[in-house]
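A.B. asks: File run_33.txt below, compact mmCIF, C-alpha atoms and all ligand atoms:
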```txt
# COMPACT_ATOMS: atom_id res chain seq x y z
CA MET A 1 115.29 116.00 81.84
CA SER A 2 115.86 115.61 78.13
CA VAL A 3 118.40 117.94 76.54
CA PHE A 4 118.54 117.13 72.84
CA THR A 5 114.77 117.62 72.45
CA GLN A 6 114.64 120.80 74.56
CA ILE A 7 113.13 123.72 72.72
CA ASP A 8 116.27 125.78 73.44
CA PHE A 9 118.65 123.08 72.22
CA ASP A 10 119.98 124.26 68.86
CA ASP A 11 122.69 121.80 67.89
CA HIS A 12 124.98 123.06 70.65
CA GLU A 13 128.43 121.56 70.16
CA GLN A 14 129.07 120.86 73.81
CA VAL A 15 127.33 121.36 77.14
CA VAL A 16 129.38 120.71 80.26
CA PHE A 17 128.07 120.24 83.78
CA ALA A 18 130.76 121.34 86.24
CA ARG A 19 130.59 120.31 89.86
CA ASP A 20 132.94 120.84 92.80
CA ALA A 21 131.14 119.74 95.95
CA ARG A 22 133.76 121.12 98.36
CA ALA A 23 133.63 124.57 96.77
CA GLY A 24 129.85 124.45 96.35
CA LEU A 25 130.11 124.88 92.59
CA LYS A 26 127.31 123.82 90.30
CA ALA A 27 127.76 125.31 86.86
CA ILE A 28 126.87 124.72 83.23
CA ILE A 29 129.16 125.76 80.39
CA ALA A 30 127.47 125.78 76.99
CA VAL A 31 129.50 125.97 73.79
CA HIS A 32 127.02 126.66 71.02
CA ASN A 33 129.11 127.11 67.90
CA THR A 34 132.84 127.49 67.25
CA ALA A 35 132.76 127.89 63.46
CA ARG A 36 134.28 131.39 63.76
CA GLY A 37 136.62 130.61 66.67
CA PRO A 38 136.56 129.70 70.37
CA ALA A 39 133.21 130.28 72.04
CA MET A 40 133.15 133.50 74.02
CA GLY A 41 130.49 134.73 76.42
CA GLY A 42 129.93 135.87 79.98
CA ILE A 43 129.83 133.90 83.22
CA ARG A 44 126.45 134.50 84.81
CA MET A 45 125.67 133.78 88.46
CA TYR A 46 122.01 133.58 89.39
CA PRO A 47 119.88 131.78 92.00
CA TYR A 48 117.97 129.70 89.43
CA ALA A 49 114.74 128.20 90.76
CA SER A 50 115.66 124.85 89.17
CA GLU A 51 118.48 123.14 87.32
CA ASP A 52 116.24 123.02 84.25
CA ASP A 53 115.99 126.81 84.32
CA ALA A 54 119.79 127.06 84.49
CA ILE A 55 120.24 124.66 81.55
CA ARG A 56 117.67 126.56 79.51
CA ASP A 57 119.39 129.87 80.23
CA ALA A 58 122.83 128.49 79.29
CA LEU A 59 121.46 127.03 76.03
CA ARG A 60 119.57 130.19 75.09
CA LEU A 61 122.29 132.66 76.03
CA SER A 62 125.13 130.74 74.36
CA ARG A 63 123.15 130.59 71.10
CA GLY A 64 122.57 134.33 71.39
CA MET A 65 126.32 134.88 71.68
CA THR A 66 126.95 132.96 68.43
CA TYR A 67 124.57 135.33 66.63
CA LYS A 68 125.97 138.45 68.28
CA ASN A 69 129.62 137.55 67.71
CA ALA A 70 129.03 136.51 64.10
CA LEU A 71 127.02 139.62 63.27
CA ALA A 72 129.85 141.75 64.69
CA GLU A 73 132.29 139.78 62.47
CA LEU A 74 134.45 138.77 65.41
CA PRO A 75 136.79 135.76 65.17
CA ILE A 76 134.95 134.00 67.99
CA GLY A 77 132.04 131.64 68.40
CA GLY A 78 129.23 131.67 70.93
CA GLY A 79 129.20 130.30 74.45
CA LYS A 80 127.96 131.15 77.91
CA SER A 81 128.27 129.74 81.38
CA VAL A 82 125.95 129.92 84.36
CA ILE A 83 126.76 129.33 88.01
CA ILE A 84 123.76 128.23 90.06
CA GLY A 85 123.78 130.35 93.21
CA ASP A 86 123.02 133.69 94.76
CA PRO A 87 125.84 136.12 93.96
CA HIS A 88 125.14 138.02 97.21
CA HIS A 89 125.38 134.98 99.49
CA ASP A 90 127.01 132.02 97.75
CA LYS A 91 130.01 133.61 96.06
CA THR A 92 133.26 132.51 97.72
CA GLU A 93 136.86 132.54 96.61
CA ALA A 94 136.81 128.71 96.53
CA LEU A 95 133.78 128.74 94.23
CA LEU A 96 135.37 131.23 91.85
CA LEU A 97 138.62 129.23 91.76
CA ALA A 98 136.64 126.03 91.07
CA MET A 99 134.86 127.81 88.20
CA GLY A 100 138.26 128.84 86.84
CA GLU A 101 139.33 125.17 86.92
CA ALA A 102 136.14 124.09 85.14
CA ILE A 103 136.81 126.62 82.36
CA GLU A 104 140.45 125.50 82.16
CA ARG A 105 139.36 121.89 81.57
CA LEU A 106 137.72 122.96 78.30
CA GLY A 107 141.20 123.82 77.04
CA GLY A 108 140.27 127.15 75.44
CA ARG A 109 137.12 126.08 73.58
CA TYR A 110 135.25 128.47 75.90
CA ILE A 111 136.44 131.92 76.99
CA GLY A 112 134.56 133.52 79.88
CA ALA A 113 134.08 137.12 80.96
CA GLU A 114 132.07 139.03 83.56
CA ASP A 115 128.30 138.99 83.30
CA SER A 116 125.36 139.65 85.53
CA GLY A 117 126.20 138.34 89.02
CA THR A 118 129.96 138.33 88.39
CA SER A 119 132.37 141.26 88.34
CA VAL A 120 135.80 142.06 86.95
CA PRO A 121 137.37 141.28 90.41
CA ASP A 122 135.56 137.89 90.42
CA VAL A 123 136.93 137.04 86.99
CA LYS A 124 140.40 138.04 88.19
CA VAL A 125 140.10 135.41 90.95
CA MET A 126 139.10 132.76 88.35
CA ALA A 127 142.13 133.85 86.33
CA GLN A 128 144.35 132.26 88.99
CA ARG A 129 143.22 128.90 87.57
CA THR A 130 142.74 129.57 83.87
CA GLN A 131 143.97 131.83 81.13
CA HIS A 132 140.75 131.42 79.15
CA LEU A 133 139.10 134.61 80.36
CA SER A 134 138.72 138.11 79.03
CA GLY A 135 137.54 141.59 80.03
CA ILE A 136 139.89 141.81 82.99
CA HIS A 137 142.86 143.92 81.98
CA GLU A 138 143.38 147.67 82.14
CA LYS A 139 143.22 149.13 78.65
CA SER A 140 144.50 152.22 76.93
CA THR A 141 141.94 154.49 75.28
CA THR A 142 142.17 156.56 72.11
CA ASP A 143 142.71 159.71 74.22
CA GLY A 144 145.79 158.12 75.86
CA SER A 145 144.26 157.44 79.30
CA THR A 146 143.62 153.97 80.76
CA ARG A 147 140.42 152.32 81.89
CA SER A 148 139.33 149.03 83.46
CA GLY A 149 138.18 145.92 81.62
CA ASP A 150 134.54 147.05 81.99
CA PRO A 151 132.94 146.78 78.53
CA SER A 152 130.19 149.37 79.23
CA PRO A 153 131.98 152.37 77.65
CA ALA A 154 132.37 150.48 74.37
CA THR A 155 128.77 149.28 74.53
CA ALA A 156 127.55 152.85 75.05
CA TYR A 157 129.67 154.17 72.19
CA GLY A 158 128.36 151.43 69.87
CA CYS A 159 124.79 152.29 70.86
CA PHE A 160 125.40 155.96 70.11
CA VAL A 161 126.85 155.17 66.69
CA GLY A 162 123.98 152.75 65.98
CA LEU A 163 121.32 155.19 67.18
CA LYS A 164 122.68 157.84 64.81
CA GLU A 165 122.46 155.38 61.91
CA ALA A 166 118.87 154.47 62.80
CA VAL A 167 117.92 158.16 62.97
CA ARG A 168 119.58 158.77 59.61
CA HIS A 169 117.68 155.87 58.05
CA ARG A 170 114.25 156.51 59.58
CA LEU A 171 114.19 160.29 60.05
CA GLY A 172 116.53 161.21 57.20
CA SER A 173 118.75 163.36 59.40
CA THR A 174 122.37 163.23 60.47
CA GLU A 175 121.78 166.05 62.94
CA LEU A 176 121.03 165.07 66.54
CA ARG A 177 120.54 168.62 67.81
CA GLY A 178 117.03 168.87 69.22
CA LEU A 179 116.40 165.12 68.79
CA ARG A 180 114.08 163.93 71.57
CA VAL A 181 115.32 160.73 73.21
CA ALA A 182 113.85 158.71 76.10
CA ILE A 183 116.38 156.55 77.95
CA GLN A 184 115.06 153.68 80.07
CA GLY A 185 117.72 152.84 82.67
CA THR A 186 120.58 155.18 83.49
CA GLY A 187 123.12 152.64 84.72
CA SER A 188 126.57 151.95 83.26
CA VAL A 189 125.47 152.07 79.62
CA GLY A 190 122.41 154.33 79.75
CA LEU A 191 124.23 157.18 81.48
CA ARG A 192 127.16 157.03 79.06
CA LEU A 193 124.83 156.94 76.07
CA GLY A 194 123.10 159.96 77.57
CA ARG A 195 126.41 161.83 77.73
CA TYR A 196 127.07 161.30 74.01
CA LEU A 197 123.53 162.41 73.18
CA LYS A 198 123.73 165.47 75.40
CA ASP A 199 127.01 166.50 73.80
CA ALA A 200 125.34 166.15 70.39
CA GLY A 201 122.56 168.50 71.48
CA ALA A 202 119.74 165.99 72.00
CA GLN A 203 116.93 166.62 74.47
CA LEU A 204 116.66 163.82 77.03
CA TRP A 205 114.02 162.14 79.17
CA VAL A 206 115.17 159.47 81.61
CA THR A 207 113.80 156.91 84.02
CA ASP A 208 115.30 154.46 86.49
CA VAL A 209 114.02 152.43 89.43
CA PHE A 210 117.19 153.21 91.38
CA PRO A 211 116.83 156.82 92.64
CA ALA A 212 120.58 157.55 92.89
CA ASN A 213 121.11 156.61 89.23
CA LEU A 214 118.14 158.69 88.16
CA ASP A 215 119.26 161.75 90.13
CA ARG A 216 122.76 161.48 88.69
CA ALA A 217 121.36 161.40 85.15
CA VAL A 218 119.08 164.39 85.76
CA THR A 219 121.94 166.46 87.19
CA GLU A 220 124.61 165.42 84.75
CA LEU A 221 122.55 165.29 81.56
CA GLY A 222 120.08 168.08 82.26
CA ALA A 223 117.45 165.43 81.52
CA THR A 224 113.81 165.34 82.57
CA ALA A 225 112.96 162.47 84.93
CA VAL A 226 109.78 160.46 84.42
CA ALA A 227 108.22 157.52 86.28
CA PRO A 228 109.28 154.06 85.02
CA GLU A 229 105.89 153.27 83.46
CA ALA A 230 105.65 156.70 81.77
CA ILE A 231 108.75 156.18 79.61
CA PHE A 232 106.75 154.29 76.94
CA ASP A 233 104.21 157.06 76.41
CA LEU A 234 106.49 160.02 75.77
CA ASP A 235 106.25 162.08 72.61
CA VAL A 236 109.87 161.49 71.54
CA ASP A 237 111.78 160.56 68.37
CA VAL A 238 113.83 157.73 69.88
CA PHE A 239 113.21 155.22 72.65
CA ALA A 240 116.49 153.86 74.04
CA PRO A 241 115.95 150.80 76.29
CA CYS A 242 119.03 150.41 78.50
CA ALA A 243 117.62 148.55 81.50
CA LEU A 244 116.02 145.16 81.06
CA GLY A 245 114.64 142.72 78.51
CA ALA A 246 111.14 141.97 77.15
CA ILE A 247 110.13 145.65 77.25
CA LEU A 248 108.85 145.57 73.65
CA ASN A 249 105.60 143.66 74.04
CA ASP A 250 101.84 143.71 73.43
CA ASP A 251 101.34 146.35 76.10
CA THR A 252 104.16 148.77 75.24
CA ILE A 253 104.42 148.67 71.43
CA PRO A 254 100.99 150.30 70.81
CA ARG A 255 101.93 153.06 73.28
CA LEU A 256 105.24 154.07 71.67
CA LYS A 257 105.28 157.39 69.83
CA ALA A 258 108.97 157.10 68.93
CA ALA A 259 109.93 156.40 65.32
CA VAL A 260 113.11 154.59 66.37
CA VAL A 261 113.95 152.05 69.08
CA ALA A 262 117.70 151.93 69.66
CA GLY A 263 119.23 150.92 72.98
CA ALA A 264 121.58 148.53 74.77
CA ALA A 265 119.26 146.19 76.67
CA ASN A 266 119.49 142.49 75.81
CA ASN A 267 116.46 140.52 74.56
CA GLN A 268 114.26 143.59 74.08
CA LEU A 269 111.54 141.74 72.14
CA ALA A 270 109.24 139.83 74.50
CA GLU A 271 108.59 137.39 71.64
CA ALA A 272 109.97 137.11 68.12
CA ARG A 273 106.65 138.31 66.64
CA HIS A 274 107.12 141.70 68.31
CA GLY A 275 109.77 142.56 65.70
CA GLU A 276 106.98 142.43 63.12
CA ALA A 277 104.64 144.39 65.44
CA LEU A 278 107.16 147.24 65.50
CA ARG A 279 107.55 147.17 61.72
CA ALA A 280 103.76 147.24 61.28
CA ARG A 281 103.64 150.43 63.35
CA GLY A 282 106.41 152.03 61.27
CA ILE A 283 108.88 151.95 64.14
CA LEU A 284 112.46 151.23 63.12
CA TYR A 285 113.95 148.74 65.57
CA ALA A 286 117.74 148.49 65.81
CA PRO A 287 118.11 144.78 66.75
CA ASP A 288 119.51 144.62 70.27
CA TYR A 289 122.38 142.25 69.66
CA ALA A 290 123.54 144.28 66.66
CA ILE A 291 123.57 147.66 68.40
CA ASN A 292 124.90 146.48 71.78
CA ALA A 293 127.91 144.55 70.41
CA GLY A 294 130.43 147.22 71.47
CA GLY A 295 131.13 145.43 74.74
CA ILE A 296 131.90 142.03 73.22
CA ILE A 297 134.03 143.71 70.53
CA ASP A 298 136.04 145.38 73.30
CA VAL A 299 136.37 142.15 75.29
CA CYS A 300 137.30 140.13 72.19
CA TYR A 301 140.14 142.49 71.28
CA GLU A 302 141.60 141.88 74.71
CA ARG A 303 142.20 138.29 73.52
CA ILE A 304 143.38 138.99 70.00
CA GLY A 305 145.58 142.00 70.85
CA PHE A 306 144.15 145.18 72.27
CA ASP A 307 144.51 148.29 70.13
CA ALA A 308 142.24 151.18 71.12
CA THR A 309 142.10 152.61 67.60
CA ALA A 310 141.19 149.24 66.05
CA VAL A 311 138.51 148.64 68.69
CA LYS A 312 136.96 152.06 68.06
CA ALA A 313 136.92 151.44 64.31
CA HIS A 314 135.36 147.99 64.82
CA VAL A 315 132.69 149.38 67.15
CA GLU A 316 131.90 152.05 64.54
CA ARG A 317 131.21 149.25 62.03
CA ILE A 318 128.00 148.64 64.00
CA ALA A 319 126.59 151.52 61.93
CA ALA A 320 127.38 149.73 58.65
CA THR A 321 125.90 146.46 59.93
CA LEU A 322 122.72 148.24 60.95
CA ALA A 323 122.55 150.05 57.60
CA THR A 324 122.69 146.67 55.84
CA ILE A 325 119.97 145.30 58.13
CA PHE A 326 117.71 148.33 57.63
CA GLU A 327 118.10 148.29 53.85
CA ARG A 328 117.50 144.53 53.51
CA ALA A 329 114.50 144.68 55.84
CA ALA A 330 112.98 147.48 53.74
CA SER A 331 113.61 145.78 50.43
CA GLU A 332 112.44 142.32 51.56
CA GLY A 333 109.47 143.65 53.54
CA VAL A 334 110.31 141.83 56.76
CA SER A 335 111.32 142.98 60.23
CA THR A 336 114.85 144.11 61.10
CA ALA A 337 114.97 141.35 63.73
CA VAL A 338 114.45 138.66 61.08
CA ILE A 339 117.14 140.17 58.85
CA ALA A 340 119.63 140.43 61.75
CA ASP A 341 119.24 136.69 62.39
CA ARG A 342 119.62 135.84 58.70
CA LEU A 343 122.72 138.00 58.35
CA ALA A 344 124.27 136.47 61.48
CA GLU A 345 123.52 132.94 60.20
CA GLU A 346 125.17 133.76 56.87
CA ARG A 347 128.23 134.80 58.86
CA PHE A 348 128.59 131.73 61.08
CA LYS A 349 127.28 129.04 58.76
CA ARG A 350 129.53 130.14 55.95
P1 LIG B 401 123.24 148.49 84.86
O1 LIG B 401 122.77 147.50 85.87
O2 LIG B 401 124.47 149.27 85.16
O3 LIG B 401 122.08 149.54 84.56
C1 LIG B 401 120.74 149.18 84.39
C2 LIG B 401 119.89 150.27 85.01
O4 LIG B 401 118.52 150.00 84.73
C3 LIG B 401 120.04 150.38 86.52
O5 LIG B 401 120.30 151.73 86.88
C4 LIG B 401 118.68 149.89 87.03
O6 LIG B 401 118.32 150.51 88.26
C5 LIG B 401 117.77 150.28 85.90
N1 LIG B 401 116.50 149.56 85.85
C6 LIG B 401 116.23 148.28 86.18
N2 LIG B 401 114.93 148.00 86.01
C7 LIG B 401 114.36 149.14 85.53
C8 LIG B 401 113.05 149.48 85.13
N3 LIG B 401 112.03 148.62 85.21
N4 LIG B 401 112.83 150.74 84.69
C9 LIG B 401 113.81 151.64 84.63
N5 LIG B 401 115.09 151.37 85.00
C10 LIG B 401 115.35 150.13 85.44
O7 LIG B 401 123.39 147.67 83.49
P2 LIG B 401 124.18 148.13 82.19
O8 LIG B 401 125.52 147.51 82.21
O9 LIG B 401 124.05 149.59 82.00
O10 LIG B 401 123.35 147.36 81.06
C11 LIG B 401 122.09 147.84 80.65
C12 LIG B 401 121.45 146.85 79.68
O11 LIG B 401 122.31 146.66 78.55
C13 LIG B 401 121.23 145.45 80.26
O12 LIG B 401 120.08 144.89 79.65
C14 LIG B 401 122.45 144.69 79.79
O13 LIG B 401 122.20 143.30 79.70
C15 LIG B 401 122.66 145.29 78.41
N6 LIG B 401 124.03 145.19 77.93
C16 LIG B 401 125.05 145.73 78.65
C17 LIG B 401 126.34 145.64 78.17
C18 LIG B 401 127.50 146.24 78.93
O14 LIG B 401 128.60 146.33 78.38
N7 LIG B 401 127.31 146.69 80.16
C19 LIG B 401 126.60 144.98 76.96
C20 LIG B 401 125.53 144.45 76.22
C21 LIG B 401 124.24 144.56 76.73
```
Can you give me the file's structure in the form of structure tokens?
C.D. replies:
Amino acid sequence: MSVFTQIDFDDHEQVVFARDARAGLKAIIAVHNTARGPAMGGIRMYPYASEDDAIRDALRLSRGMTYKNALAELPIGGGKSVIIGDPHHDKTEALLLAMGEAIERLGGRYIGAEDSGTSVPDVKVMAQRTQHLSGIHEKSTTDGSTRSGDPSPATAYGCFVGLKEAVRHRLGSTELRGLRVAIQGTGSVGLRLGRYLKDAGAQLWVTDVFPANLDRAVTELGATAVAPEAIFDLDVDVFAPCALGAILNDDTIPRLKAAVVAGAANNQLAEARHGEALRARGILYAPDYAINAGGIIDVCYERIGFDATAVKAHVERIAATLATIFERAASEGVSTAVIADRLAEERFKR
């Protein structure tokens, strides 16, 4: 296949194909841009249908990390790695160690972390072969307790802060009491976001395809459960997608009654034009990679010196970033998604 003429190739600095036949490793490490610092991004493991699919995913995801990390004003660039394989059947200690060695060979230009298909324990195994990993250490919190390297709590907090900013901008209120919010997906992030909203007095509707997660949210949050397809039609103020991507599309956007879309899911827009479709309907969209940056902020601080107070303050800056995006989008008459990309580019092309 051709790489340089691929639609997803965007002047990536380096793309490495890592192979260890004995360990069964086939992986791609993509370093998109290191203008702000070493490229950081998760290590995904997925049973890709073809090698082309894996290359495309690595190219696309690493570029996305450059934009996310720059927009969050972190001293890191964008990268991502993918391991071709089924995480339920193909993951062995030898494979994880071989992946650690592949990352080590890049000498610190790429820093990996857990992602879909890999866990904190998996990354700890890779850490036997390389120091260029993050998101693995126990951390102190601002209340003095400790927690694991899992970035979800920081992601959820960033989403809460960002959702409040979007509500302030679109609905002109700093009060969340009585705010009606629909959460799609009550997993690690969605449930935690729900807790913040419940404590602030919001009224919640939830959905999930995994019954245990849904039941837990209903019990813990006092939320109303709805069927997965019904979540788009609710008469609510905010729609918070916290499950999967491409949920803002030609089918769902006309159905939304919410004035604000603010949630953690990655790649929420099915296509770039859907940012404009939301704007045309008067729906304020908090760009996904701006509002869900809490996790990467948390993971990044593990590399540059973890300080719970500094991390919290940095995560809270998501509100200021979103405020800038909302104001520029309004004054320039374009979608918030377009402005998020422009702002990120200003920050990594500087
Ligand atoms: P998770 O797997 O813990 O939770 C996702 C939940 O969504 C699960 O309970 C799952 O059953 C549910 N779900 C899946 N398909 C669904 C559907 N069609 N309808 C309703 N529910 C559905 O994942 P998470 O860590 O909470 O992440 C949620 C989203 O946020 C993902 O898109 C993830 O990529 C993104 N994100 C997460 C983080 C993080 O720190 N965890 C950081 C940035 C972005």
A.B. asks: Using only C-alpha atoms, which protein or nucleic acid residues come within 8 Å of stretch 114-116 of chain A? Drop anything in the same chain fewer than 2 positions from it, and give the result as a PyMOL selection string.
C.D. replies: chain A and resi 42-46+112+118-120+122-123+135
A.B. asks: I want to know what sits within 12 Å of A:Gln14, based on all atoms listed in the file, with residues of the same chain fewer than 4 positions away left out; could you give that as a PyMOL selection string?
C.D. replies: chain A and resi 3-4+9-10+28-34+39+58-59+62-63+78-81+106+109-110
A.B. asks: Just write the chosen residues, C-alpha atoms, as a short mmCIF file (atom, residue, chain, number, x, y, z; two decimals), in the frame of the given file.
C.D. replies:
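Final output, part-v3.cif:
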```cif
data_model
loop_
_atom_site.label_atom_id
_atom_site.label_comp_id
_atom_site.auth_asym_id
_atom_site.auth_seq_id
_atom_site.Cartn_x
_atom_site.Cartn_y
_atom_site.Cartn_z
CA VAL A 3 118.40 117.94 76.54
CA PHE A 4 118.54 117.13 72.84
CA PHE A 9 118.65 123.08 72.22
CA ASP A 10 119.98 124.26 68.86
CA ILE A 28 126.87 124.72 83.23
CA ILE A 29 129.16 125.76 80.39
CA ALA A 30 127.47 125.78 76.99
CA VAL A 31 129.50 125.97 73.79
CA HIS A 32 127.02 126.66 71.02
CA ASN A 33 129.11 127.11 67.90
CA THR A 34 132.84 127.49 67.25
CA ALA A 39 133.21 130.28 72.04
CA ALA A 58 122.83 128.49 79.29
CA LEU A 59 121.46 127.03 76.03
CA SER A 62 125.13 130.74 74.36
CA ARG A 63 123.15 130.59 71.10
CA GLY A 78 129.23 131.67 70.93
CA GLY A 79 129.20 130.30 74.45
CA LYS A 80 127.96 131.15 77.91
CA SER A 81 128.27 129.74 81.38
CA LEU A 106 137.72 122.96 78.30
CA ARG A 109 137.12 126.08 73.58
CA TYR A 110 135.25 128.47 75.90
#
```
A.B. asks: Can you tell me which residues sit at most 6 Å away from ligand LIG 401 (chain B), counting only C-alpha atoms and all ligand atoms, written as a VMD selection string?
C.D. replies: chain A and resid 151 to 152 155 184 to 190 207 to 210 213 228 242 to 245 264 to 266 292 295
A.B. asks: Stretch 114-122 of chain A, all listed atoms, 4 Å padding on each side: what axis-aligned box centre and edge lengths in Å to one decimal come out, as JSON?
C.D. replies:
```
{"center_x": 131.4, "center_y": 140.0, "center_z": 86.9, "size_x": 20.0, "size_y": 12.2, "size_z": 15.1}
```
A.B. asks: To one decimal place in Å, what is the distance between atom CA of A:Ile136 and atom CA of A:Ala308?
C.D. replies: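 These two atoms are separated by 15.3 Å.
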A.B. asks: Selecting C-alpha atoms, how would stretch 165-211 of chain A from this structure be written as a PDB file, in the first residue's frame?
C.D. replies:
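Result file follows (out-v9.pdb):
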```pdb
ATOM      1  CA  GLU A 165     -19.039  26.198  30.825  1.00  0.00           C
ATOM      2  CA  ALA A 166     -21.172  25.128  27.853  1.00  0.00           C
ATOM      3  CA  VAL A 167     -24.350  25.549  29.911  1.00  0.00           C
ATOM      4  CA  ARG A 168     -23.201  28.985  31.037  1.00  0.00           C
ATOM      5  CA  HIS A 169     -22.498  30.024  27.449  1.00  0.00           C
ATOM      6  CA  ARG A 170     -25.611  28.569  25.793  1.00  0.00           C
ATOM      7  CA  LEU A 171     -28.231  28.723  28.552  1.00  0.00           C
ATOM      8  CA  GLY A 172     -26.833  31.715  30.441  1.00  0.00           C
ATOM      9  CA  SER A 173     -26.858  29.932  33.785  1.00  0.00           C
ATOM     10  CA  THR A 174     -24.205  28.900  36.274  1.00  0.00           C
ATOM     11  CA  GLU A 175     -26.778  26.922  38.239  1.00  0.00           C
ATOM     12  CA  LEU A 176     -27.039  23.203  37.487  1.00  0.00           C
ATOM     13  CA  ARG A 177     -29.903  22.518  39.902  1.00  0.00           C
ATOM     14  CA  GLY A 178     -32.799  21.122  37.893  1.00  0.00           C
ATOM     15  CA  LEU A 179     -30.708  20.925  34.690  1.00  0.00           C
ATOM     16  CA  ARG A 180     -31.905  17.952  32.613  1.00  0.00           C
ATOM     17  CA  VAL A 181     -29.014  15.832  31.347  1.00  0.00           C
ATOM     18  CA  ALA A 182     -29.038  12.631  29.259  1.00  0.00           C
ATOM     19  CA  ILE A 183     -25.915  10.481  29.643  1.00  0.00           C
ATOM     20  CA  GLN A 184     -25.188   7.904  26.947  1.00  0.00           C
ATOM     21  CA  GLY A 185     -22.928   5.239  28.475  1.00  0.00           C
ATOM     22  CA  THR A 186     -22.461   4.857  32.209  1.00  0.00           C
ATOM     23  CA  GLY A 187     -19.016   3.260  32.242  1.00  0.00           C
ATOM     24  CA  SER A 188     -15.868   4.639  33.883  1.00  0.00           C
ATOM     25  CA  VAL A 189     -16.391   8.232  32.756  1.00  0.00           C
ATOM     26  CA  GLY A 190     -20.175   8.428  32.349  1.00  0.00           C
ATOM     27  CA  LEU A 191     -20.914   7.212  35.869  1.00  0.00           C
ATOM     28  CA  ARG A 192     -18.410   9.614  37.424  1.00  0.00           C
ATOM     29  CA  LEU A 193     -19.764  12.520  35.396  1.00  0.00           C
ATOM     30  CA  GLY A 194     -23.214  11.508  36.615  1.00  0.00           C
ATOM     31  CA  ARG A 195     -22.031  11.701  40.228  1.00  0.00           C
ATOM     32  CA  TYR A 196     -20.820  15.298  39.801  1.00  0.00           C
ATOM     33  CA  LEU A 197     -24.087  16.250  38.114  1.00  0.00           C
ATOM     34  CA  LYS A 198     -26.212  14.560  40.755  1.00  0.00           C
ATOM     35  CA  ASP A 199     -24.317  16.351  43.514  1.00  0.00           C
ATOM     36  CA  ALA A 200     -24.970  19.637  41.686  1.00  0.00           C
ATOM     37  CA  GLY A 201     -28.708  18.907  41.655  1.00  0.00           C
ATOM     38  CA  ALA A 202     -29.153  17.944  37.996  1.00  0.00           C
ATOM     39  CA  GLN A 203     -31.892  15.570  36.868  1.00  0.00           C
ATOM     40  CA  LEU A 204     -30.478  12.590  34.985  1.00  0.00           C
ATOM     41  CA  TRP A 205     -31.517  10.161  32.262  1.00  0.00           C
ATOM     42  CA  VAL A 206     -29.130   7.333  31.415  1.00  0.00           C
ATOM     43  CA  THR A 207     -28.673   4.526  28.952  1.00  0.00           C
ATOM     44  CA  ASP A 208     -26.179   1.706  28.508  1.00  0.00           C
ATOM     45  CA  VAL A 209     -26.059  -1.545  26.556  1.00  0.00           C
ATOM     46  CA  PHE A 210     -24.439  -3.301  29.516  1.00  0.00           C
ATOM     47  CA  PRO A 211     -27.248  -3.952  32.053  1.00  0.00           C
TER      48      PRO A 211
END
```
